[in-house]
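Student: Take this structure, written in structure tokens, and hold onto it; I'll ask about it next.
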Amino acid sequence: MVKMSLEPVQVMSGQVAELKVAPSSNGDSAGSWEGKREFDKDHLGLTAKPKPVTGRRARKVEGAVFFPKPENAVTVAVSSRVLFRTEREQKVFEQKGVEEYLRYQIEHENEPFAPGPAFPFVKALEAVNARLRELYPESEELFDIVLVTYNHAHVGIRLINTINHHNLFIERFCMTGGSSPIGYLKAWQTNLYLSADANKVREALTEGIAAATMFMPEKMTEVSESQLRVAFDGDAVLFSDESERIFKAHGLDKFFEHEKENEDRLLDHGPLKGFLEALGKLQKKFYAKGQRLDCPIRTYLVTARSAASSGIRALKTLRAWGLEIDEALFLAGAPKGPMLEKIRPHIYFDDQMFHVEGAAEMGTIAAHVPYGIAQKHNSKHNTSAGK
């Protein structure tokens, strides 16, 4: 399997892939300043002459710019380091320190950052918003994207220029100057936080915020520009790690026995359940307009569970929660990468690095959810019965 760095947003095998979607993204810039890396300048995406900054687009209601209130929106907070590629700037910081780093950013503030791994996902969120605004012009039930960065406010000018360059609708920023953003995420009532910093992701999960660490695959699979596709693992992502603990402690036979005995008892919720609920709420707005078959949001369950022996409990739990999954794939331990390659999701969430690496090897943008018992066993050779 191709090697993937566990450092924040590093490309598989050190390559920077070109994203094959129309421009649009969001993220966090100089998050945790860890990890020494070597970079190939020709692949960093900043050597080209910058394009002119395009005009901003803002929706207006009664003469004022329209922004949804946090309590009404589905808020997605994205770190600048997963929205954009900032390896060159990271190298300046590591080699020359913060003052030279800030000076470099100011000198290059008219050069837009290249898209990062969260870029296609954010682009798809904006496509969904465009459809929602057509159907519900006055509704605040939309995706609201917040750019989160540890950067000093001086770097904000370059980030704004980059957002304008890519014609993104991101108006809400948190530039924390090195402080933790978690308190701000809670204030924004964040539904999902994507970052390159695994420690901050764990902190967010501890605070009850759905969160995942993003990685850049060596190659990028083309994804839809008109339909948001989100794929979830089951245990320790949508569901708790209860069943996974049985498997780790007692093996596969005991796991099957446990699931059979408890198939009518609901699984407890996992860290991403709330985000699936938020997606479902927006999906129902399209269904209400007769657009179920043309819905721009599609969700997937991709689990290593077996359908007949352990799948029924998962499906009963989702139904009891009132949640719909558009497609459910029970792989019975088969590799997830080939299936994800066919789905072509904008993002896939899994709690095991083994599966994240397998997905990334096939070109899927995968995000690690560091939650549950598997974190004590997470290694390249880790396997799972219920994932």
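Labeling convention for the structure tokens: chains A, B, ... as they appear, residues from 1 per chain, ligands from 1 in order of appearance.
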As a PyMOL selection string, please: all residues of stretch 121-272 of chain A that backbone DSSP puts in alpha helix (DSSP H).

Tutor: chain A and resi 121-135+156-165+182-187+198-206+242-250+252-261

Student: Leaving out stretch 68-76 of chain A and any residue of its chain fewer than 6 positions from it, which residues lie within 6 Å of it when counting only C-alpha atoms, given as a list in words?

Tutor: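 Everything that qualifies: Glu140, Glu141, Leu142, Phe143, Asp144, Ile145, Trp188, Thr190, Asn191, Leu192 and Tyr193 of chain A.
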
Student: Would you mind listing what lies within 6 Å of stretch 267-284 of chain A as JSON, numbers by chain, with only C-alpha atoms counted and same-chain residues fewer than 6 positions away left out?

Tutor: {"A": [191, 210, 236, 237, 238, 239, 240]}

Student: Hey, what does DSSP flag as strand (DSSP E) within stretch 212-319 of chain A? Can you give it to me as a list in words?

Tutor: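 Of stretch 212-319 of chain A, the ones in strand (DSSP E) are Ala212, Thr213, Met214, Leu228, Arg229, Val230, Ala231, Phe232, Ile297, Arg298, Thr299, Tyr300, Leu301, Val302 and Thr303 of chain A.
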
Student: Go ahead and dump the residues you just picked, C-alpha atoms, as a PDB file, in the first residue's frame.

Tutor:
ATOM      1  CA  ALA A 212     -11.843  14.601  11.245  1.00  0.00           C
ATOM      2  CA  THR A 213      -8.244  14.903  10.094  1.00  0.00           C
ATOM      3  CA  MET A 214      -7.844  15.270   6.335  1.00  0.00           C
ATOM      4  CA  LEU A 228     -22.339  16.358  -2.865  1.00  0.00           C
ATOM      5  CA  ARG A 229     -21.354  12.776  -2.027  1.00  0.00           C
ATOM      6  CA  VAL A 230     -20.424  11.897   1.553  1.00  0.00           C
ATOM      7  CA  ALA A 231     -19.438   8.385   2.623  1.00  0.00           C
ATOM      8  CA  PHE A 232     -19.323   7.154   6.214  1.00  0.00           C
ATOM      9  CA  ILE A 297     -26.814  15.427  -1.665  1.00  0.00           C
ATOM     10  CA  ARG A 298     -26.134  11.689  -1.594  1.00  0.00           C
ATOM     11  CA  THR A 299     -24.950   9.689   1.414  1.00  0.00           C
ATOM     12  CA  TYR A 300     -23.275   6.291   1.674  1.00  0.00           C
ATOM     13  CA  LEU A 301     -22.580   3.755   4.406  1.00  0.00           C
ATOM     14  CA  VAL A 302     -19.424   1.794   3.570  1.00  0.00           C
ATOM     15  CA  THR A 303     -18.807  -0.790   6.269  1.00  0.00           C
TER      16      THR A 303
END

Student: Give me the residues within 12 Å of A:Tyr184 as a list in words, counting only C-alpha atoms and dropping any in the same chain fewer than 5 places off.

Tutor: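 Skipping anything fewer than 5 positions along the chain leaves Pro70, Ala77, Val146, Leu147, Val148, Thr149, Tyr150, Arg172, Phe173, Cys174, Met175, Thr176, Ser179, Gln189, Thr190, Tyr193, Ala204, Glu207 and Ile209 of chain A.
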
Student: Extract, using only C-alpha atoms, all DNA, RNA and protein residues at most 7 Å from stretch 348-351 of chain A, discarding same-chain residues fewer than 2 positions from it, and format them as a list in words.

Tutor: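 Non-adjacent residues within range: Val230, Ala231, Phe232, Asp233, Ala236, Val237, Pro345, Met353, His355, Val356, Ile365, Ala366, Ala367, His368, Val369, Pro370 and Tyr371 of chain A.
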
Student: For the residues in that selection, give me N, CA and C atoms as a PDB file, in the first residue's frame.

Tutor:
ATOM      1  N   VAL A 230     -21.110  12.076   0.276  1.00  0.00           N
ATOM      2  CA  VAL A 230     -20.424  11.897   1.553  1.00  0.00           C
ATOM      3  C   VAL A 230     -20.565  10.443   1.975  1.00  0.00           C
ATOM      4  N   ALA A 231     -19.439   9.800   2.242  1.00  0.00           N
ATOM      5  CA  ALA A 231     -19.438   8.385   2.623  1.00  0.00           C
ATOM      6  C   ALA A 231     -18.952   8.243   4.065  1.00  0.00           C
ATOM      7  N   PHE A 232     -19.615   7.366   4.800  1.00  0.00           N
ATOM      8  CA  PHE A 232     -19.323   7.154   6.214  1.00  0.00           C
ATOM      9  C   PHE A 232     -19.011   5.689   6.477  1.00  0.00           C
ATOM     10  N   ASP A 233     -18.035   5.455   7.326  1.00  0.00           N
ATOM     11  CA  ASP A 233     -17.875   4.154   7.958  1.00  0.00           C
ATOM     12  C   ASP A 233     -18.980   4.026   9.004  1.00  0.00           C
ATOM     13  N   ALA A 236     -17.887   3.394  15.272  1.00  0.00           N
ATOM     14  CA  ALA A 236     -16.978   4.435  15.762  1.00  0.00           C
ATOM     15  C   ALA A 236     -16.969   5.678  14.871  1.00  0.00           C
ATOM     16  N   VAL A 237     -17.908   5.740  13.914  1.00  0.00           N
ATOM     17  CA  VAL A 237     -18.080   6.944  13.092  1.00  0.00           C
ATOM     18  C   VAL A 237     -19.538   7.389  13.191  1.00  0.00           C
ATOM     19  N   PRO A 345     -16.693   9.790  -3.654  1.00  0.00           N
ATOM     20  CA  PRO A 345     -17.208  10.766  -2.692  1.00  0.00           C
ATOM     21  C   PRO A 345     -16.297  11.989  -2.608  1.00  0.00           C
ATOM     22  N   MET A 353      -6.880   4.139  10.296  1.00  0.00           N
ATOM     23  CA  MET A 353      -5.938   4.609   9.284  1.00  0.00           C
ATOM     24  C   MET A 353      -5.725   3.575   8.181  1.00  0.00           C
ATOM     25  N   HIS A 355      -7.951   1.882   6.674  1.00  0.00           N
ATOM     26  CA  HIS A 355      -8.956   2.138   5.640  1.00  0.00           C
ATOM     27  C   HIS A 355      -8.765   3.506   4.990  1.00  0.00           C
ATOM     28  N   VAL A 356      -8.324   4.477   5.768  1.00  0.00           N
ATOM     29  CA  VAL A 356      -8.042   5.799   5.209  1.00  0.00           C
ATOM     30  C   VAL A 356      -6.942   5.688   4.156  1.00  0.00           C
ATOM     31  N   ILE A 365     -10.516  11.214  -1.342  1.00  0.00           N
ATOM     32  CA  ILE A 365     -10.210  12.093  -0.216  1.00  0.00           C
ATOM     33  C   ILE A 365     -10.816  11.467   1.029  1.00  0.00           C
ATOM     34  N   ALA A 366      -9.966  11.032   1.938  1.00  0.00           N
ATOM     35  CA  ALA A 366     -10.418  10.346   3.143  1.00  0.00           C
ATOM     36  C   ALA A 366     -10.031  11.160   4.369  1.00  0.00           C
ATOM     37  N   ALA A 367     -10.868  11.080   5.394  1.00  0.00           N
ATOM     38  CA  ALA A 367     -10.637  11.824   6.625  1.00  0.00           C
ATOM     39  C   ALA A 367     -10.695  10.858   7.803  1.00  0.00           C
ATOM     40  N   HIS A 368      -9.731  10.990   8.705  1.00  0.00           N
ATOM     41  CA  HIS A 368      -9.619  10.091   9.847  1.00  0.00           C
ATOM     42  C   HIS A 368     -10.367  10.660  11.053  1.00  0.00           C
ATOM     43  N   VAL A 369     -11.222   9.830  11.636  1.00  0.00           N
ATOM     44  CA  VAL A 369     -11.956  10.194  12.841  1.00  0.00           C
ATOM     45  C   VAL A 369     -11.289   9.464  14.012  1.00  0.00           C
ATOM     46  N   PRO A 370     -10.444  10.138  14.791  1.00  0.00           N
ATOM     47  CA  PRO A 370      -9.687   9.458  15.852  1.00  0.00           C
ATOM     48  C   PRO A 370     -10.524   9.218  17.102  1.00  0.00           C
ATOM     49  N   TYR A 371     -11.397   8.227  16.998  1.00  0.00           N
ATOM     50  CA  TYR A 371     -12.366   7.961  18.066  1.00  0.00           C
ATOM     51  C   TYR A 371     -12.478   6.462  18.286  1.00  0.00           C
TER      52      TYR A 371
END

Student: Near A:Ala304, counting only C-alpha atoms, which residues have an atom at most 12 Å away, once you skip same-chain residues fewer than 6 positions from it, shown as an MDAnalysis selection string?

Tutor: chainID A and resid 232:235 244 310:311 314 328:337 339 350 352 355 383:387

Student: A:Asp264, A:Glu222, A:Asp253, A:Glu259: which is nearest A:Arg344, counting only C-alpha atoms?

Tutor: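 When distances to A:Arg344 are compared using only C-alpha atoms, the smallest one comes from A:Glu222.
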
Student: Which one is closest to A:Ile347: A:His108, A:Lys123, A:His154, A:His165? Count only C-alpha atoms.

Tutor: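 Among A:His108, A:Lys123, A:His154, A:His165, it is A:Lys123 that comes nearest to A:Ile347.
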
Student: Which of these residues is nearest to A:Val92, using only C-alpha atoms: A:Asn164, A:Ser243, A:Asn199, A:Gln105?

Tutor: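 Ranked by minimum distance to A:Val92, first place goes to A:Gln105.
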
Student: Find the distance between atom CA of A:Gly358 and atom CA of A:Lys254 and write it in Å to one decimal.

Tutor: 26.6 Å
